[in-house]
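**Q** Sharing entry-v1.cif below, mmCIF, C-alpha atoms:
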data_upload
loop_
_atom_site.label_atom_id
_atom_site.label_comp_id
_atom_site.auth_asym_id
_atom_site.auth_seq_id
_atom_site.Cartn_x
_atom_site.Cartn_y
_atom_site.Cartn_z
CA MET A 1 0.00 0.00 0.00
CA ARG A 2 1.02 3.60 -0.40
CA PHE A 3 0.21 6.33 2.11
CA GLN A 4 -0.95 9.78 1.11
CA LYS A 5 1.83 12.35 1.28
CA ALA A 6 0.48 14.02 4.44
CA THR A 7 0.37 10.64 6.21
CA ALA A 8 3.95 9.79 5.31
CA ILE A 9 5.12 13.24 6.43
CA ALA A 10 3.21 12.86 9.70
CA LEU A 11 4.85 9.50 10.38
CA TYR A 12 8.32 10.91 9.69
CA ALA A 13 7.68 13.86 12.00
CA VAL A 14 6.09 11.90 14.85
CA LEU A 15 8.78 9.22 14.82
CA GLU A 16 11.56 11.81 14.60
CA LEU A 17 10.15 13.67 17.60
CA ALA A 18 9.26 10.50 19.57
CA ALA A 19 12.87 9.30 19.24
CA ASP A 20 13.77 11.97 21.81
CA PRO A 21 10.70 13.38 23.60
CA GLU A 22 12.78 16.04 25.39
CA ARG A 23 14.07 17.50 22.13
CA GLN A 24 12.45 20.38 20.27
CA LEU A 25 12.73 20.59 16.51
CA THR A 26 11.44 23.18 14.08
CA ALA A 27 9.47 22.27 10.99
CA VAL A 28 12.42 23.41 8.88
CA GLU A 29 14.84 21.11 10.72
CA ILE A 30 12.58 18.08 10.23
CA ALA A 31 11.81 19.02 6.62
CA GLU A 32 15.52 19.31 5.77
CA LYS A 33 16.30 15.94 7.28
CA TYR A 34 13.62 14.16 5.24
CA GLY A 35 13.80 16.29 2.10
CA ILE A 36 10.16 17.33 2.30
CA SER A 37 8.32 20.63 1.97
CA ALA A 38 8.54 22.67 5.18
CA HIS A 39 5.26 24.35 4.22
CA HIS A 40 3.45 21.01 3.89
CA LEU A 41 5.09 19.72 7.08
CA ALA A 42 3.96 22.81 9.01
CA LYS A 43 0.33 22.06 8.06
CA VAL A 44 0.74 18.42 9.06
CA LEU A 45 2.34 19.42 12.39
CA ARG A 46 -0.67 21.65 13.12
CA ASP A 47 -2.94 18.62 12.60
CA LEU A 48 -0.68 16.51 14.80
CA GLY A 49 -0.85 19.25 17.44
CA ARG A 50 -4.66 19.26 17.31
CA GLY A 51 -4.49 15.47 17.60
CA GLY A 52 -2.46 15.75 20.80
CA LEU A 53 0.58 14.00 19.37
CA VAL A 54 2.93 16.98 19.38
CA ASP A 55 3.19 20.19 21.37
CA ALA A 56 4.07 23.45 19.65
CA VAL A 57 6.59 25.52 21.61
CA ARG A 58 6.21 29.17 20.59
CA GLY A 59 8.73 31.99 20.54
CA VAL A 60 12.45 32.20 19.90
CA GLY A 61 13.96 28.73 19.99
CA GLY A 62 10.50 27.25 19.64
CA GLY A 63 9.54 24.21 17.66
CA TYR A 64 7.70 20.97 18.19
CA ARG A 65 8.01 18.27 20.82
CA PHE A 66 6.46 14.80 21.04
CA ALA A 67 3.50 14.81 23.42
CA GLY A 68 2.21 11.23 23.44
CA ASN A 69 3.13 7.88 24.95
CA ALA A 70 5.27 6.05 22.41
CA LYS A 71 4.54 2.70 24.05
CA ARG A 72 0.79 3.17 23.57
CA LEU A 73 0.38 5.13 20.37
CA THR A 74 0.29 2.99 17.25
CA LEU A 75 0.94 3.69 13.61
CA MET A 76 -2.83 3.47 13.18
CA ASP A 77 -3.31 6.35 15.63
CA VAL A 78 -1.19 8.55 13.37
CA VAL A 79 -2.40 7.25 10.02
CA SER A 80 -6.09 7.52 10.92
CA LEU A 81 -5.68 11.26 11.51
CA PHE A 82 -5.02 11.67 7.81
CA GLU A 83 -6.69 8.86 5.89
CA ASP A 84 -9.22 6.08 6.08
CA VAL A 85 -7.68 2.62 6.02
CA THR A 86 -10.70 0.71 7.27
CA ALA A 87 -12.33 -2.03 5.25
CA ASP A 88 -13.40 -1.11 1.74
CA THR A 89 -17.03 0.01 1.51
CA ASP A 90 -17.36 0.92 -2.17
CA GLU A 91 -20.90 0.70 -3.40
CA LEU A 92 -21.84 -2.30 -5.50
CA PRO A 93 -22.89 -1.82 -9.14
CA PRO A 94 -26.61 -0.98 -9.38
CA GLN A 95 -27.37 -3.90 -11.69
CA ALA A 96 -27.88 -7.18 -9.77
CA ALA A 97 -26.28 -9.12 -12.63
CA GLY A 98 -23.02 -7.23 -12.14
CA GLN A 99 -22.84 -7.61 -8.40
CA GLU A 100 -21.44 -11.11 -8.01
CA ILE A 101 -17.98 -10.32 -9.32
CA ALA A 102 -18.00 -7.01 -7.46
CA GLN A 103 -18.92 -8.80 -4.22
CA ALA A 104 -16.15 -11.38 -4.74
CA LEU A 105 -13.64 -8.59 -5.36
CA ARG A 106 -14.82 -6.78 -2.24
CA PHE A 107 -14.42 -10.03 -0.29
CA VAL A 108 -10.76 -10.33 -1.37
CA LEU A 109 -9.97 -6.64 -0.88
CA THR A 110 -11.49 -6.74 2.60
CA GLU A 111 -9.01 -9.51 3.43
CA LEU A 112 -6.17 -7.16 2.46
CA ASP A 113 -7.65 -4.25 4.40
CA ARG A 114 -8.02 -6.36 7.55
CA GLN A 115 -4.36 -7.32 7.35
CA THR A 116 -3.34 -3.71 6.88
CA VAL A 117 -5.45 -2.48 9.79
CA ALA A 118 -4.22 -5.26 12.10
CA THR A 119 -0.60 -4.47 11.23
CA LEU A 120 -0.95 -0.72 11.77
CA ARG A 121 -2.79 -1.26 15.06
CA SER A 122 -0.18 -3.67 16.38
CA ILE A 123 2.92 -1.53 15.88
CA THR A 124 3.50 1.16 18.50
CA LEU A 125 5.79 4.11 17.93
CA SER A 126 8.15 2.57 20.47
CA THR A 127 8.22 -0.67 18.46
CA MET A 128 8.90 1.34 15.30
CA LEU A 129 11.84 3.10 16.95
CA LYS A 130 13.24 -0.25 18.07
CA LEU A 131 12.85 -1.47 14.49
CA VAL A 132 14.78 1.55 13.22
CA ALA A 133 17.59 0.79 15.70
CA ARG A 134 17.62 -2.91 14.82
CA ARG A 135 17.66 -2.41 11.02
CA PRO A 136 16.43 -5.94 10.17
CA TRP A 137 16.30 -5.03 6.49
CA ALA A 138 20.09 -4.58 6.44
CA GLY A 139 20.71 -8.33 6.68
CA ALA A 140 17.55 -9.48 4.95
CA GLU A 141 17.95 -12.05 2.23
CA THR A 142 16.83 -10.93 -1.19
CA LYS A 143 16.41 -14.36 -2.72
CA PRO A 144 13.18 -14.76 -4.72
CA PRO A 145 10.60 -17.08 -3.12
CA ARG A 146 10.92 -20.73 -4.02
CA ARG A 147 8.46 -21.71 -6.69
CA ARG A 148 7.58 -25.07 -5.20
CA VAL A 149 7.19 -25.85 -1.52
CA ARG A 150 6.68 -29.43 -0.49
CA GLN A 151 3.94 -29.78 2.11
CA ALA A 152 4.63 -31.89 5.19
CA MET B 153 -10.60 15.19 7.78
CA ALA B 154 -12.23 17.05 10.68
CA ASN B 155 -14.18 13.99 11.83
CA ARG B 156 -11.15 11.75 11.52
CA LEU B 157 -9.10 14.29 13.45
CA ALA B 158 -11.71 14.53 16.23
CA ALA B 159 -11.91 10.76 16.53
CA GLY B 160 -8.14 10.58 16.49
CA VAL B 161 -7.83 13.20 19.21
CA ASP B 162 -10.09 11.16 21.50
CA ARG B 163 -8.10 8.02 20.83
CA VAL B 164 -4.78 9.76 21.40
CA ARG B 165 -5.99 11.27 24.69
CA ARG B 166 -6.91 7.81 25.88
CA THR B 167 -3.42 6.59 25.10
CA THR B 168 -1.17 9.33 26.43
CA GLN B 169 -1.15 8.30 30.10
CA ALA B 170 1.79 6.03 30.85
CA PRO B 171 1.11 3.31 33.45
CA ARG B 172 2.92 3.71 36.74
CA PRO B 173 5.72 1.21 37.22
CA ARG B 174 5.39 -1.09 40.22
CA ARG B 175 8.27 -1.91 42.48
CA ASP B 176 7.26 -5.25 43.89
CA GLN B 177 9.40 -8.30 43.64
CA ALA B 178 10.17 -9.60 40.17
CA PRO B 179 8.63 -13.04 39.65
CA GLY B 180 10.99 -15.93 39.08
CA ILE B 181 10.77 -17.71 35.76
CA ARG B 182 11.16 -21.49 35.86
CA PRO B 183 9.87 -24.66 34.18
CA ALA B 184 6.26 -25.47 35.08
CA THR B 185 5.46 -28.29 37.45
CA GLU B 186 2.19 -30.16 37.84
CA THR B 187 1.33 -28.13 40.93
CA ASP B 188 1.45 -24.95 38.78
CA VAL B 189 -1.32 -26.14 36.44
CA PRO B 190 -4.25 -24.92 38.63
CA GLY B 191 -2.59 -21.47 38.76
CA VAL B 192 -2.17 -21.47 34.98
CA ILE B 193 -5.81 -22.49 34.53
CA ALA B 194 -6.96 -19.75 36.91
CA LEU B 195 -4.83 -17.06 35.21
CA ASP B 196 -6.06 -18.11 31.78
CA GLN B 197 -9.65 -18.03 33.04
CA ASP B 198 -9.14 -14.59 34.58
CA VAL B 199 -7.91 -13.23 31.25
CA THR B 200 -10.06 -15.09 28.72
CA GLY B 201 -13.17 -15.80 30.76
CA LEU B 202 -12.94 -19.45 29.67
CA LEU B 203 -12.34 -22.38 32.01
CA LYS B 204 -10.17 -24.88 30.09
CA ARG B 205 -9.06 -27.46 32.65
CA ASP B 206 -8.61 -30.38 30.21
CA TYR B 207 -6.79 -28.19 27.71
CA TRP B 208 -4.19 -26.98 30.20
CA HIS B 209 -3.68 -30.39 31.77
CA ASP B 210 -3.12 -31.72 28.24
CA MET B 211 -0.73 -28.84 27.45
CA PHE B 212 1.24 -29.58 30.61
CA GLU B 213 1.34 -33.30 29.76
CA ARG B 214 2.70 -32.52 26.28
CA TYR B 215 5.10 -29.69 27.03
CA GLY B 216 5.77 -29.61 30.75
CA ALA B 217 5.60 -33.12 32.18
CA HIS B 218 8.60 -34.42 30.25
CA PRO B 219 10.54 -31.28 29.39
CA ASP B 220 13.43 -31.51 26.98
CA ALA B 221 15.28 -29.08 24.76
CA THR B 222 12.41 -28.88 22.28
CA ARG B 223 9.31 -28.71 24.53
CA ILE B 224 9.08 -25.75 26.87
CA PHE B 225 6.46 -24.72 29.42
CA LEU B 226 7.65 -21.90 31.68
CA VAL B 227 5.84 -20.05 34.46
CA ALA B 228 6.52 -16.78 36.25
CA GLU B 229 5.75 -17.28 39.92
CA ASN B 230 5.61 -14.64 42.59
CA ALA B 231 4.95 -15.60 46.24
CA GLY B 232 3.15 -18.77 45.22
CA ARG B 233 0.98 -17.11 42.57
CA ILE B 234 1.33 -17.71 38.83
CA ASP B 235 1.67 -14.26 37.22
CA GLY B 236 2.53 -15.45 33.74
CA PHE B 237 3.38 -18.40 31.55
CA ILE B 238 4.66 -19.23 28.09
CA VAL B 239 4.53 -22.46 26.11
CA GLY B 240 6.55 -23.33 23.05
CA GLU B 241 8.11 -26.09 21.03
CA VAL B 242 10.74 -26.61 18.35
CA ARG B 243 9.02 -27.91 15.23
CA ALA B 244 10.69 -29.09 12.09
CA TRP B 245 9.91 -29.34 8.44
CA GLU B 246 6.21 -28.48 8.36
CA PHE B 247 5.51 -26.72 5.07
CA GLY B 248 9.12 -27.01 4.03
CA SER B 249 10.35 -24.96 6.98
CA THR B 250 13.66 -25.69 8.63
CA PRO B 251 13.38 -26.28 12.42
CA SER B 252 12.08 -23.25 14.27
CA GLY B 253 10.67 -22.36 17.66
CA TRP B 254 6.92 -21.91 17.98
CA VAL B 255 5.19 -20.06 20.78
CA PHE B 256 1.66 -21.36 21.34
CA ALA B 257 0.63 -19.48 24.43
CA VAL B 258 1.80 -16.53 26.46
CA GLN B 259 -0.10 -14.84 29.23
CA VAL B 260 0.66 -12.24 31.89
CA ARG B 261 -1.66 -11.23 34.71
CA PRO B 262 -3.21 -7.88 33.70
CA GLY B 263 -1.96 -6.15 36.87
CA ARG B 264 1.59 -7.23 36.06
CA ARG B 265 1.67 -6.07 32.45
CA VAL B 266 3.88 -3.31 31.00
CA GLN B 267 6.55 -4.14 33.59
CA GLY B 268 8.70 -6.36 31.42
CA LEU B 269 7.43 -9.74 32.64
CA GLY B 270 6.09 -10.79 29.22
CA SER B 271 9.39 -9.75 27.64
CA ARG B 272 11.33 -11.82 30.21
CA LEU B 273 9.17 -14.86 29.50
CA PHE B 274 9.62 -14.39 25.77
CA GLU B 275 13.38 -13.84 26.05
CA THR B 276 13.68 -16.94 28.24
CA VAL B 277 11.83 -19.15 25.78
CA CYS B 278 13.91 -17.67 22.93
CA ASP B 279 17.08 -18.55 24.86
CA ARG B 280 15.80 -22.14 25.15
CA PHE B 281 15.12 -22.21 21.41
CA ARG B 282 18.62 -20.92 20.67
CA ALA B 283 20.06 -23.58 22.95
CA ALA B 284 18.08 -26.15 20.97
CA GLY B 285 19.85 -24.94 17.83
CA VAL B 286 17.15 -22.99 16.00
CA ASP B 287 17.58 -19.46 14.67
CA ARG B 288 14.00 -18.17 14.51
CA VAL B 289 10.78 -18.14 16.48
CA ARG B 290 7.24 -18.07 15.10
CA THR B 291 3.72 -17.69 16.38
CA MET B 292 0.19 -16.91 15.17
CA VAL B 293 -2.18 -14.24 16.45
CA ALA B 294 -5.75 -13.28 15.72
CA PRO B 295 -5.75 -9.94 13.89
CA GLU B 296 -8.23 -8.41 16.31
CA ASN B 297 -6.13 -9.43 19.34
CA THR B 298 -4.23 -6.15 19.38
CA VAL B 299 -2.73 -6.65 22.86
CA ILE B 300 -0.95 -9.90 22.06
CA HIS B 301 -0.18 -8.80 18.48
CA SER B 302 1.46 -5.61 19.80
CA PHE B 303 3.37 -7.62 22.39
CA PHE B 304 4.93 -9.89 19.78
CA ARG B 305 5.67 -6.89 17.55
CA SER B 306 7.37 -5.13 20.47
CA GLN B 307 9.64 -8.16 20.83
CA GLY B 308 10.77 -7.68 17.24
CA MET B 309 8.52 -10.19 15.49
CA MET B 310 7.50 -9.38 11.91
CA ALA B 311 5.29 -11.07 9.33
CA GLY B 312 6.74 -14.48 8.48
CA PRO B 313 7.18 -16.23 5.16
CA PHE B 314 3.92 -18.20 5.36
CA ILE B 315 0.30 -17.15 4.92
CA GLU B 316 -2.37 -18.88 6.97
CA LEU B 317 -5.33 -20.11 4.91
CA GLU B 318 -8.55 -21.82 5.89
CA MET B 319 -11.95 -22.76 4.51
CA ARG B 320 -15.23 -23.91 5.94
CA LEU B 321 -16.00 -27.64 5.70
CA ASP B 322 -19.72 -27.35 5.15
#
Rewrite the structure of this file - the entire thing - as structure tokens.
**A**
Amino acid sequence: MRFQKATAIALYAVLELAADPERQLTAVEIAEKYGISAHHLAKVLRDLGRGGLVDAVRGVGGGYRFAGNAKRLTLMDVVSLFEDVTADTDELPPQAAGQEIAQALRFVLTELDRQTVATLRSITLSTMLKLVARRPWAGAETKPPRRRVRQA
Amino acid sequence: MANRLAAGVDRVRRTTQAPRPRRDQAPGIRPATETDVPGVIALDQDVTGLLKRDYWHDMFERYGAHPDATRIFLVAENAGRIDGFIVGEVRAWEFGSTPSGWVFAVQVRPGRRVQGLGSRLFETVCDRFRAAGVDRVRTMVAPENTVIHSFFRSQGMMAGPFIELEMRLD
């Protein structure tokens, strides 16, 4: 799946700030690190502030600070501020004859959505930060999957 | 956007209070004995609401009564009370998989959670798996069971190479 741009920016910002809750960063500092628009990030940070995830510190030397509990907040808590990733609810075609294939497709897509939602709900910001530190992708094998697997 | 934000704000507010750490004695983790089974049954019933006497006696018989390097049933006991348990086994060659550790059950008393006890149980069973010569551990979780799913994720577990499939046998 691919997140909307605002969601991805929000995740970068929240995780960057949650990595050190005592630290204050400006939108420009975060934007430079991730190569994103400071203007877009500033809008996203305002939404994150309204959501209670970050605190804005005003005045000279101000910036943003993480305001949540990284062991409790999940990726879903951040993502759901910006987009809907719940099960697909597209309307079926109006003609009854065309609905069977549409219903079967919805059935399969719902399976994917459930997996996505379960994954986002299960990963806390703290777990994400541990993942960043562990870098499991660095040693991951890149072999293609075997074509035939013998069942036991 | 506004509605999603409002709903998100409520959810975030509910999740921003960190639990207070407790300072009582850390439970000891050790292999289960037959006298622990009633405590395991009671803890499981407290958490799930289901009384499964036969199931846990059978689990103990399989994984605890004759422990070896590949069958592991551990409990966390504190002052005679079972505060947690974990059950696992080394399995080999199902679905073409090389031998790996499997965790079937893990439970921590709700009042003892978020204090590292579940992590200690998991680390201990992983140490046993390593000692048995395997290099990975697997489990399965229901997608809606966010607590246990988050726990395994927090230990570093990721999606594995297999996909679970099922169908109804009507």
**Q** How many Å separate CA of Leu203 in chain B from CA of Arg233 in chain B?
**A**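 A separation of 17.8 Å between them.
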**Q** Between CA of Thr127 in chain A and CA of Gly201 in chain B, measure the distance and give it in Å to one decimal.
**A** 28.9 Å
**Q** From the list A:Arg72, A:Arg65, A:Arg121, A:Lys5, which residue is nearest Ala27 in chain A when using only C-alpha atoms?
**A**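 So, comparing all the options, the nearest one is A:Arg65.
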**Q** Tell me which residues the PyMOL selection byres ((chain A) within 8 of (chain B)) grabs here, as a PyMOL selection string.
**A** chain A and resi 47+50-53+67-69+72-73+77-78+80-83+114-115+118-119+121-124+126-127+130-131+149-152
**Q** One decimal, in Å: what's the spacing between CA of Gly49 in chain A and CA of Val14 in chain A?
**A**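 Computing it gives 10.4 Å between the two atoms.
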**Q** Which is closer to Leu125 in chain A than all the others in A:Leu15, A:Leu25, A:Ile9, A:Leu105, using all atoms listed in the file?
**A** A:Leu15
**Q** With only C-alpha atoms as the counted atoms, please give the residues lying no more than 10 Å from Met1 in chain A, apart from itself and same-chain residues fewer than 6 positions off, as a list in words.
**A**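 Listing them by chain and then by number gives Leu112, Asp113 and Thr116 of chain A.
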**Q** Where does the PyMOL selection byres ((chain B and resi 286) around 8) land in this file, that is, which residues does it pick, as an MDAnalysis selection string?
**A** chainID B and resid 242 251:253 281:285 287:288
**Q** Find the spatial neighbours of range 239-241 of chain B, counting only C-alpha atoms, within a cut-off of 6 Å - ignore same-chain residues fewer than 3 positions away - and output them as a ChimeraX atom specification.
**A** /B:222-225,253-257
**Q** Carefully work through the PyMOL selection byres ((chain A and resi 36) around 12) for this structure and note down the residues it includes, as a ChimeraX atom specification.
**A** /A:5-6,8-10,12-13,27-35,37-42,44
**Q** Here is a test: counting all atoms listed in the file, which residue of B:Val192, B:Ala228, B:Met292, B:Leu269 is nearest to His209 in chain B?
**A**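 Selected residue with least distance to His209 in chain B: B:Val192.
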**Q** Restricting the calculation to only C-alpha atoms, which member of B:Thr250, B:Gln259, B:Thr276, B:Ser271 is positioned closest to Ala194 in chain B?
**A** B:Gln259
